[in-house]
Amino acid sequence: MSTTTTTREQLSRRDQPSRRTLEKGPSGWLAAPALAFFMLFAILPLLGVLFLSFTRWDGLGEIKLDGLSSWNTVLADPVTGNALLVTAKIMFFSFIVQAPISLLLGVFTAASQKYRAALAVLYFVPLLLSSAAVAIAFKALLDPNFGLGPGLGLPFLAQDWLGNSDLVLFVVVFVIAWQFVPFHTLIYQGGVRQIPTSLYEAAQIDGAGRIQQFFNITLPQLKYTMITSSTLMVVGSLAYFDLIFVLTAGGPGYSTRLLPLHMYLTGFKANDMGAASALGVILVVIGLALALFLQRLGGKNRNASQLEGA
Amino acid sequence: MKNLKLRTAGMAVSAAALSIALAACGSSGPAGTGASADSATMWGLTGGDQPVFQASVDSWNKAHPDSAIKLDFFANDAYKTKVRTAVGAGQGPTLVYGWGGGVLKSYVDAGQVDDLTGFLKENPDVQSRYLPSILESGVIDGKTYALPNNKVQPVVLYYNKEVFDKIGAEAPKTWDELMALVPKFKEAGVAPFSLGGQSKWPDLMWLEYLVDRIGGPEVFANIAANKPDAWSDPAVIEALTKIQELVDAGGFINGFSSIAADSNADQALLYTGKAAMILQGSWIYQGMKKDAADFVSSGKLGYTPFPTVEGGKGDPANVVGNPSNFWSVSSKATEEQKKTALEYVKAGMFNDENVQGLIDSGAVPVVTGIEDKLAASPDKDFLTYVYGMAKDAPDFTLSWDQALTPAQGDAMLANLDQIFLKKITPEQFASTMNATIGK
């Protein structure tokens with residue numbers, strides 16, 4: 001396979017692929033290994049979960065086929081509705097908080113001054129920490145009796161952040177933002193750096209100010225970056241688990257028990273694998289629907305180059 | 001630019017080190033000497049007993065290099081999930097650490113643990129070393145499936161004597177006295193009770209004791225026996241009402257529902273004087289002995305039985321908690337592993353060294369004839385108190401979340417959490433729980 005042994009003939013053939021090859025694209029067999037792995041690790045377990053959702057199983061004894069009884073349990077349980085609502089709230093607020101901050105930070109760090117590079121490093125530090133570490137740190141900082149507030153003697157910070165049902169959702173959204181804003185900032189930074197400088201030069205000649213440039217060049221040019229980042233944010237909210245599990249364990253009460261956590265607790269605390277599998281299926285369906293919807297929003301040609309004619 | 005790169009690298013390295021250090025907290029200790037892939041395995045809990053189990057297994061492995069045991073430790077709440085999943089998948093440890101009760105019964109029903117009745121018959125000295133009432137918790141349908149492995153664990157009402165002296169109060173003997181103390185402590189700027197509400201099971205101790213004091217042990221016996229509408233017993237409703245009255249009065253510390261008991265934050269509130277009292281298992285004495293040695297050794301830690309409730313039927317000497325923890329032997333283990341495990345139970349566990357280790361850690365081993373050893377301990381006041389409490393109790397009710405099936409236990413803890421948060425009424429609790437009977 002070494003390139004040094006390629007003959008001239010082969011080289012010229014490679015340089016001028018026939019029209020047919022170009023039209024057909026690379027051989028479909030190239031996708032075989034990926035497909036095999038996808039079948040083994042995604043499709044098969046998914047079918048397994050679908051099967052389990054029609055059974056009753058406590059995780060220890062035998063698996064009993066039981067028709068729709070697990071589905072009935074899940075759909076009749078008010079906690080499931082609440083978990084959906086909590087998931088929707090966290091998704092909505094995470095998006096509202098993270099999207100503008102990461103957009104602005106991304107635009108800010110895209111420029112090439114040294115001080116911005118230094119600040120960018122600071123902004124990206126949370127990205128290096130594991131979710132569990134972030135959760136443990138925030139749990140300690142927000143403790144109403146031993147945390148930051150009482151420690152520094154600041155009564156405002158000595159709130160019952162994680163024990164107050166009305167407040168805790170927003171604290172969770174804040175911690176999620178703290179951890180994931182750097183990631184989305186990175187995406188936006190890359191997006192901004194892709195915008196050709198000639199566009200800005202032209203705008204400057206026409207007398208456009210910084211704010212006009214931002215709204216008329218940067219924002220429209222970032223359309224696809226925004227869709228990518230939003231898809232990750234929204235679909236990612238369906239997967240928040242470790243952070244919230246360590247931070248609040250879904251509490252107090254059910255106030256931060258979102259769908260993935262509800263699935264885990266149903267399966268591994270209440271030992272009802274059938275109901276947990278039904279919840280898993282619901283989660284997959286919602287995730288797929290959301291991803292498809294956001295893809296639609298981006299239009300069909302979103303993968304085409306934006307640099308043509310620049 | 002070079003400077004910047006250096007700084008970036010430094011920051012990345014320190015951040016990575018931080019996350020690795022945090023991650024490392026969760027891993028287990030090094031494997032015992034001579035332990036190999038097919039040697040017997042044992043899973044225990046982190047915390048008070050960890051060094052005692054470690055020392056016991058280490059000395060066993062030293063004396064029996066051919067039948068070594070591999071020991072791993074896990075945090076309480078995480079362990080309960082992990083062990084069940086592992087046992088269900090046939091990957092459980094040879095010696096399964098447990099609490100007896102409904103959870104043990106689910107292992108027995110699934111054929112996952114061995115019947116040890118024959119082993120006890122062959123080894124009468126193993127049988128005779130335990131207090132008979134404690135051996136009872138490992139018996140399902142007349143057969144023994146689990147043997148006690150550590151200490152008696154009644155739930156005790158602890159108090160901070162220093163804080164009590166400050167306001168000139170005495171330990172409460174009745175529920176009315178307890179309620180009367182609440183405003184006094186609040187006025188003095190101290191929370192009356194600490195509570196690890198995020199872990200949910202500490203909430204349960206309040207319900208267990210109140211139901212026992214009001215209605216006696218029969219009330220829970222009916223629930224455990226799956227009698228219809230057993231949760232609607234007036235004693236349960238009254239107990240839940242009393243809990244909500246205490247919450248209303250501000251009895252529990254600010255933020256109690258976000259405090260996790262696994263991290264020992266609830267006991268820290270007691271010995272730092274931020275809270276005056278805590279209702280917790282006898283095992284937190286080991287933690288406080290280690291984390292707040294001065295507080296314990298200078299006699300500032302007080303303990304008393306749970307108060308009586310006026311007009312209640314329960315004997316004030318009744319106790320709730322865990323009679324002990326237990327070893328069961330996995331039926332999926334190899335013959336060799338089972339043999340090692342049972343040999344260890346016979347000779348490695350509760351030998352003089354192990355018994356002394358438990359006593360030194362601040363715990364009461366579940367064996368007979370240890371009065372002299374307890375009396376010789378620096379913790380003799382607490383240890384003899386706990387020993388007497390467990391031995392003289394007319395009734396020792398196993399923690400309800402362990403006595404019930406896992407599905408019922410989980411529903412109970414989730415709904416009890418809602419009671420403490422005042423999201424549901426006692427009547428709603430009873431009707432939700434009645435629907436779980438038989439599940």
# chains A, B, ... in the order shown; residues from 1 in each chain; ligands from 1
>>> closest_atom_pairs(of="segment 296-397 of chain B", to="segment 93-114 of chain B", cutoff="6 Å", atoms="only C-alpha atoms", output="JSON lines")
{"residue": "B:Asn325", "atom": "CA", "partner": "B:Trp99", "partner_atom": "CA", "distance": 4.9}
{"residue": "B:Phe326", "atom": "CA", "partner": "B:Gly98", "partner_atom": "CA", "distance": 5.1}
{"residue": "B:Trp327", "atom": "CA", "partner": "B:Tyr97", "partner_atom": "CA", "distance": 5.0}
{"residue": "B:Ser328", "atom": "CA", "partner": "B:Val96", "partner_atom": "CA", "distance": 5.0}
{"residue": "B:Val329", "atom": "CA", "partner": "B:Leu95", "partner_atom": "CA", "distance": 4.9}
{"residue": "B:Ser330", "atom": "CA", "partner": "B:Val113", "partner_atom": "CA", "distance": 4.5}
{"residue": "B:Ser331", "atom": "CA", "partner": "B:Val113", "partner_atom": "CA", "distance": 4.7}
{"residue": "B:Ala333", "atom": "CA", "partner": "B:Thr94", "partner_atom": "CA", "distance": 5.6}
>>> interface_residues(of="chain B", to="chain A", cutoff="6 Å", atoms="only C-alpha atoms", output="mmCIF file with N, CA and C atoms, in the first residue's frame")
data_model
loop_
_atom_site.group_PDB
_atom_site.id
_atom_site.type_symbol
_atom_site.label_atom_id
_atom_site.label_comp_id
_atom_site.auth_asym_id
_atom_site.auth_seq_id
_atom_site.Cartn_x
_atom_site.Cartn_y
_atom_site.Cartn_z
ATOM 1 N N SER B 19 -8.971 16.650 37.175
ATOM 2 C CA SER B 19 -10.046 15.709 36.860
ATOM 3 C C SER B 19 -9.620 14.275 37.123
ATOM 4 N N THR B 81 -26.893 -0.208 43.524
ATOM 5 C CA THR B 81 -27.224 -0.344 42.111
ATOM 6 C C THR B 81 -26.296 -1.341 41.442
ATOM 7 N N GLY B 88 -27.358 -9.913 38.601
ATOM 8 C CA GLY B 88 -28.303 -10.255 37.541
ATOM 9 C C GLY B 88 -27.596 -10.728 36.286
ATOM 10 N N ALA B 110 -34.665 -15.530 42.676
ATOM 11 C CA ALA B 110 -34.030 -15.662 41.368
ATOM 12 C C ALA B 110 -32.942 -16.737 41.385
ATOM 13 N N GLY B 255 -31.742 23.857 53.557
ATOM 14 C CA GLY B 255 -31.079 23.110 52.485
ATOM 15 C C GLY B 255 -30.994 21.619 52.718
ATOM 16 N N SER B 257 -32.740 19.234 51.811
ATOM 17 C CA SER B 257 -33.045 18.339 50.686
ATOM 18 C C SER B 257 -31.916 18.285 49.669
ATOM 19 N N SER B 258 -30.862 19.084 49.843
ATOM 20 C CA SER B 258 -29.722 18.954 48.933
ATOM 21 C C SER B 258 -28.488 18.396 49.636
ATOM 22 N N PRO B 406 -37.534 -4.156 46.217
ATOM 23 C CA PRO B 406 -36.887 -2.943 45.702
ATOM 24 C C PRO B 406 -37.874 -1.969 45.055
ATOM 25 N N ALA B 407 -38.885 -2.473 44.324
ATOM 26 C CA ALA B 407 -39.821 -1.572 43.655
ATOM 27 C C ALA B 407 -40.638 -0.782 44.676
ATOM 28 N N ASP B 410 -38.323 1.809 46.544
ATOM 29 C CA ASP B 410 -38.008 3.004 45.766
ATOM 30 C C ASP B 410 -39.188 3.963 45.730
ATOM 31 N N ASP B 417 -39.911 11.664 50.241
ATOM 32 C CA ASP B 417 -39.214 12.896 49.875
ATOM 33 C C ASP B 417 -40.249 14.001 49.611
ATOM 34 N N GLN B 418 -41.326 13.634 48.905
ATOM 35 C CA GLN B 418 -42.395 14.593 48.597
ATOM 36 C C GLN B 418 -43.105 15.061 49.868
#
>>> atom_distance(atom1="atom CA of Asn318 of chain B", atom2="atom CA of Phe396 of chain B")
6.2 Å
>>> atom_distance(atom1="atom CA of Phe180 of chain A", atom2="atom CA of Ala111 of chain A")
21.3 Å
>>> select_by_dssp(residues="segment 100-333 of chain B", states="alpha helix (DSSP H)", output="ChimeraX atom specification")
/B:101-109,117-122,124-128,132-135,161-166,175-187,201-215,218-224,234-248,265-271,284-291,293-297
>>> select_by_dssp(residues="segment 42-237 of chain B", states="strand (DSSP E)", output="ChimeraX atom specification")
/B:42-45,69-74,95-98,139-140,143-144,147-148,153-160,191-194
>>> atom_distance(atom1="atom CA of Gly47 of chain B", atom2="atom CA of Val139 of chain B")
26.7 Å
>>> residues_around(residues="segment 222-227 of chain B", least_positions_apart="2", cutoff="8 Å", atoms="only C-alpha atoms", output="ChimeraX atom specification")
/B:218-220,229-231,403-404,437-438
>>> write_last_selection(atoms="C-alpha atoms", output="tab-separated table (two decimals), in the first residue's frame")
chain	number	residue	atom	x	y	z
B	218	GLU	CA	-47.49	-4.43	63.98
B	219	VAL	CA	-48.21	-1.50	61.66
B	220	PHE	CA	-45.15	-2.14	59.54
B	229	ASP	CA	-54.54	-0.82	52.46
B	230	ALA	CA	-51.89	-1.37	55.15
B	231	TRP	CA	-50.40	2.08	54.42
B	403	ALA	CA	-37.41	-5.04	54.23
B	404	LEU	CA	-39.72	-4.30	51.27
B	437	ILE	CA	-48.66	-3.42	47.69
B	438	GLY	CA	-47.80	-6.81	46.24
>>> residues_around(residues="Ala75 of chain B", least_positions_apart="6", cutoff="10 Å", atoms="only C-alpha atoms", output="ChimeraX atom specification")
/B:26,44-47,262-263
>>> closest_residue(among="A:Ala140, A:Gln212, A:Val235, A:Gly191", to="Val285 of chain A", atoms="only C-alpha atoms")
A:Val235
>>> residues_around(residues="Thr80 of chain A", least_positions_apart="5", cutoff="10 Å", atoms="only C-alpha atoms", output="list in words")
Thr73, Val74, Leu75, Leu85, Val86, Arg257, Leu258, Leu259, His262, Met263 and Leu279 of chain A
>>> write_last_selection(atoms="N, CA and C atoms", output="compact mmCIF listing (two decimals), in the first residue's frame")
# COMPACT_ATOMS: atom_id res chain seq x y z
N THR A 73 -47.74 1.27 32.33
CA THR A 73 -47.17 1.82 33.57
C THR A 73 -46.53 3.17 33.30
N VAL A 74 -45.70 3.21 32.26
CA VAL A 74 -44.95 4.43 31.97
C VAL A 74 -45.88 5.58 31.59
N LEU A 75 -46.85 5.28 30.73
CA LEU A 75 -47.71 6.36 30.24
C LEU A 75 -48.69 6.84 31.29
N LEU A 85 -41.58 17.32 30.91
CA LEU A 85 -41.66 18.77 31.11
C LEU A 85 -40.31 19.33 31.57
N VAL A 86 -39.69 18.63 32.52
CA VAL A 86 -38.39 19.08 33.03
C VAL A 86 -37.36 19.07 31.90
N ARG A 257 -35.66 15.83 37.77
CA ARG A 257 -35.60 14.44 37.28
C ARG A 257 -35.99 14.44 35.80
N LEU A 258 -35.03 14.66 34.92
CA LEU A 258 -35.34 14.71 33.50
C LEU A 258 -35.35 13.29 32.91
N LEU A 259 -35.76 13.18 31.66
CA LEU A 259 -36.08 11.87 31.09
C LEU A 259 -34.96 10.82 31.22
N HIS A 262 -34.76 9.77 34.78
CA HIS A 262 -35.96 9.00 35.14
C HIS A 262 -35.83 7.56 34.63
N MET A 263 -35.29 7.43 33.42
CA MET A 263 -35.08 6.11 32.84
C MET A 263 -34.11 5.30 33.70
N LEU A 279 -39.20 3.87 28.42
CA LEU A 279 -38.74 5.25 28.50
C LEU A 279 -37.58 5.48 27.53
>>> closest_residue(among="A:Val107, A:Ala275, A:Met233, A:Leu290", to="Ile217 of chain A", atoms="only C-alpha atoms")
A:Val107
>>> closest_residue(among="B:Gln428, B:Thr340, B:Thr436, B:Ser399", to="Pro65 of chain B", atoms="only C-alpha atoms")
B:Thr340
>>> residues_around(residues="Trp43 of chain B", least_positions_apart="4", cutoff="6 Å", atoms="only C-alpha atoms", output="PyMOL selection string")
chain B and resi 71-73
>>> residues_around(residues="Trp57 of chain A", least_positions_apart="3", cutoff="6 Å", atoms="only C-alpha atoms", output="PyMOL selection string")
chain A and resi 63+273-274
>>> decode(residues="segment 140-188 of chain B", atoms="N, CA and C atoms", output="short mmCIF file (atom, residue, chain, number, x, y, z; two decimals), in the first residue's frame")
data_model
loop_
_atom_site.label_atom_id
_atom_site.label_comp_id
_atom_site.auth_asym_id
_atom_site.auth_seq_id
_atom_site.Cartn_x
_atom_site.Cartn_y
_atom_site.Cartn_z
N ILE B 140 -34.86 -16.80 55.05
CA ILE B 140 -36.03 -16.66 54.16
C ILE B 140 -36.71 -18.02 54.10
N ASP B 141 -37.99 -18.09 54.40
CA ASP B 141 -38.77 -19.33 54.37
C ASP B 141 -38.08 -20.45 55.15
N GLY B 142 -37.57 -20.12 56.31
CA GLY B 142 -36.99 -21.13 57.17
C GLY B 142 -35.58 -21.56 56.83
N LYS B 143 -35.00 -21.01 55.75
CA LYS B 143 -33.63 -21.37 55.40
C LYS B 143 -32.72 -20.15 55.51
N THR B 144 -31.48 -20.37 55.93
CA THR B 144 -30.54 -19.27 56.09
C THR B 144 -29.80 -19.03 54.78
N TYR B 145 -29.90 -17.79 54.27
CA TYR B 145 -29.22 -17.45 53.02
C TYR B 145 -28.13 -16.40 53.21
N ALA B 146 -28.06 -15.83 54.43
CA ALA B 146 -27.08 -14.76 54.65
C ALA B 146 -26.63 -14.79 56.10
N LEU B 147 -25.33 -14.54 56.31
CA LEU B 147 -24.78 -14.55 57.67
C LEU B 147 -24.26 -13.17 58.02
N PRO B 148 -24.56 -12.71 59.26
CA PRO B 148 -24.12 -11.37 59.67
C PRO B 148 -22.61 -11.23 59.53
N ASN B 149 -22.15 -10.04 59.12
CA ASN B 149 -20.71 -9.87 58.92
C ASN B 149 -20.10 -8.67 59.63
N ASN B 150 -20.89 -7.82 60.27
CA ASN B 150 -20.21 -6.70 60.93
C ASN B 150 -20.81 -6.30 62.28
N LYS B 151 -21.71 -5.32 62.30
CA LYS B 151 -22.04 -4.68 63.58
C LYS B 151 -23.54 -4.44 63.70
N VAL B 152 -24.03 -4.28 64.93
CA VAL B 152 -25.44 -3.90 65.11
C VAL B 152 -25.58 -2.42 64.78
N GLN B 153 -26.70 -2.09 64.10
CA GLN B 153 -26.86 -0.72 63.62
C GLN B 153 -28.24 -0.15 63.95
N PRO B 154 -28.54 0.05 65.25
CA PRO B 154 -29.80 0.71 65.57
C PRO B 154 -29.72 2.19 65.20
N VAL B 155 -30.87 2.81 64.96
CA VAL B 155 -30.90 4.25 64.69
C VAL B 155 -31.00 4.99 66.02
N VAL B 156 -30.13 5.99 66.19
CA VAL B 156 -29.97 6.68 67.46
C VAL B 156 -30.24 8.17 67.25
N LEU B 157 -30.79 8.83 68.27
CA LEU B 157 -30.92 10.29 68.22
C LEU B 157 -29.67 10.90 68.86
N TYR B 158 -28.80 11.46 68.05
CA TYR B 158 -27.57 12.08 68.55
C TYR B 158 -27.83 13.57 68.83
N TYR B 159 -27.12 14.14 69.81
CA TYR B 159 -27.21 15.59 69.99
C TYR B 159 -25.87 16.17 70.39
N ASN B 160 -25.73 17.45 70.16
CA ASN B 160 -24.51 18.17 70.47
C ASN B 160 -24.68 18.80 71.85
N LYS B 161 -23.98 18.24 72.86
CA LYS B 161 -24.17 18.68 74.25
C LYS B 161 -23.82 20.14 74.44
N GLU B 162 -22.79 20.58 73.71
CA GLU B 162 -22.33 21.97 73.84
C GLU B 162 -23.45 22.94 73.47
N VAL B 163 -24.12 22.64 72.35
CA VAL B 163 -25.20 23.49 71.89
C VAL B 163 -26.38 23.42 72.85
N PHE B 164 -26.65 22.23 73.37
CA PHE B 164 -27.74 22.09 74.34
C PHE B 164 -27.45 22.90 75.60
N ASP B 165 -26.20 22.87 76.07
CA ASP B 165 -25.84 23.62 77.28
C ASP B 165 -26.03 25.11 77.06
N LYS B 166 -25.72 25.56 75.84
CA LYS B 166 -25.80 26.99 75.55
C LYS B 166 -27.20 27.55 75.79
N ILE B 167 -28.23 26.75 75.45
CA ILE B 167 -29.58 27.25 75.67
C ILE B 167 -30.23 26.57 76.88
N GLY B 168 -29.43 25.83 77.63
CA GLY B 168 -29.94 25.21 78.85
C GLY B 168 -31.02 24.19 78.61
N ALA B 169 -30.86 23.37 77.58
CA ALA B 169 -31.90 22.39 77.25
C ALA B 169 -31.45 20.99 77.64
N GLU B 170 -32.43 20.10 77.73
CA GLU B 170 -32.17 18.68 77.98
C GLU B 170 -32.59 17.88 76.75
N ALA B 171 -32.02 16.69 76.62
CA ALA B 171 -32.41 15.85 75.49
C ALA B 171 -33.91 15.54 75.58
N PRO B 172 -34.65 15.63 74.45
CA PRO B 172 -36.11 15.45 74.50
C PRO B 172 -36.48 14.00 74.77
N LYS B 173 -37.46 13.83 75.69
CA LYS B 173 -37.94 12.47 75.99
C LYS B 173 -39.28 12.19 75.34
N THR B 174 -40.02 13.25 75.03
CA THR B 174 -41.31 13.06 74.36
C THR B 174 -41.33 13.93 73.11
N TRP B 175 -42.30 13.62 72.22
CA TRP B 175 -42.42 14.38 70.98
C TRP B 175 -42.72 15.85 71.28
N ASP B 176 -43.56 16.10 72.32
CA ASP B 176 -43.90 17.48 72.66
C ASP B 176 -42.66 18.26 73.10
N GLU B 177 -41.80 17.60 73.89
CA GLU B 177 -40.55 18.26 74.31
C GLU B 177 -39.68 18.58 73.10
N LEU B 178 -39.67 17.64 72.16
CA LEU B 178 -38.87 17.83 70.95
C LEU B 178 -39.38 19.06 70.17
N MET B 179 -40.70 19.14 70.01
CA MET B 179 -41.26 20.26 69.28
C MET B 179 -41.01 21.58 70.01
N ALA B 180 -41.01 21.52 71.34
CA ALA B 180 -40.80 22.74 72.12
C ALA B 180 -39.36 23.24 71.98
N LEU B 181 -38.44 22.32 71.70
CA LEU B 181 -37.03 22.72 71.56
C LEU B 181 -36.79 23.48 70.25
N VAL B 182 -37.62 23.19 69.24
CA VAL B 182 -37.36 23.73 67.91
C VAL B 182 -37.25 25.27 67.90
N PRO B 183 -38.27 26.01 68.44
CA PRO B 183 -38.14 27.48 68.40
C PRO B 183 -36.96 27.99 69.23
N LYS B 184 -36.62 27.27 70.31
CA LYS B 184 -35.50 27.73 71.15
C LYS B 184 -34.19 27.68 70.38
N PHE B 185 -33.97 26.58 69.67
CA PHE B 185 -32.73 26.47 68.89
C PHE B 185 -32.71 27.48 67.76
N LYS B 186 -33.87 27.67 67.13
CA LYS B 186 -33.91 28.62 66.01
C LYS B 186 -33.55 30.02 66.51
N GLU B 187 -34.06 30.36 67.70
CA GLU B 187 -33.77 31.67 68.27
C GLU B 187 -32.27 31.83 68.52
N ALA B 188 -31.63 30.72 68.92
CA ALA B 188 -30.20 30.76 69.20
C ALA B 188 -29.37 30.68 67.92
#
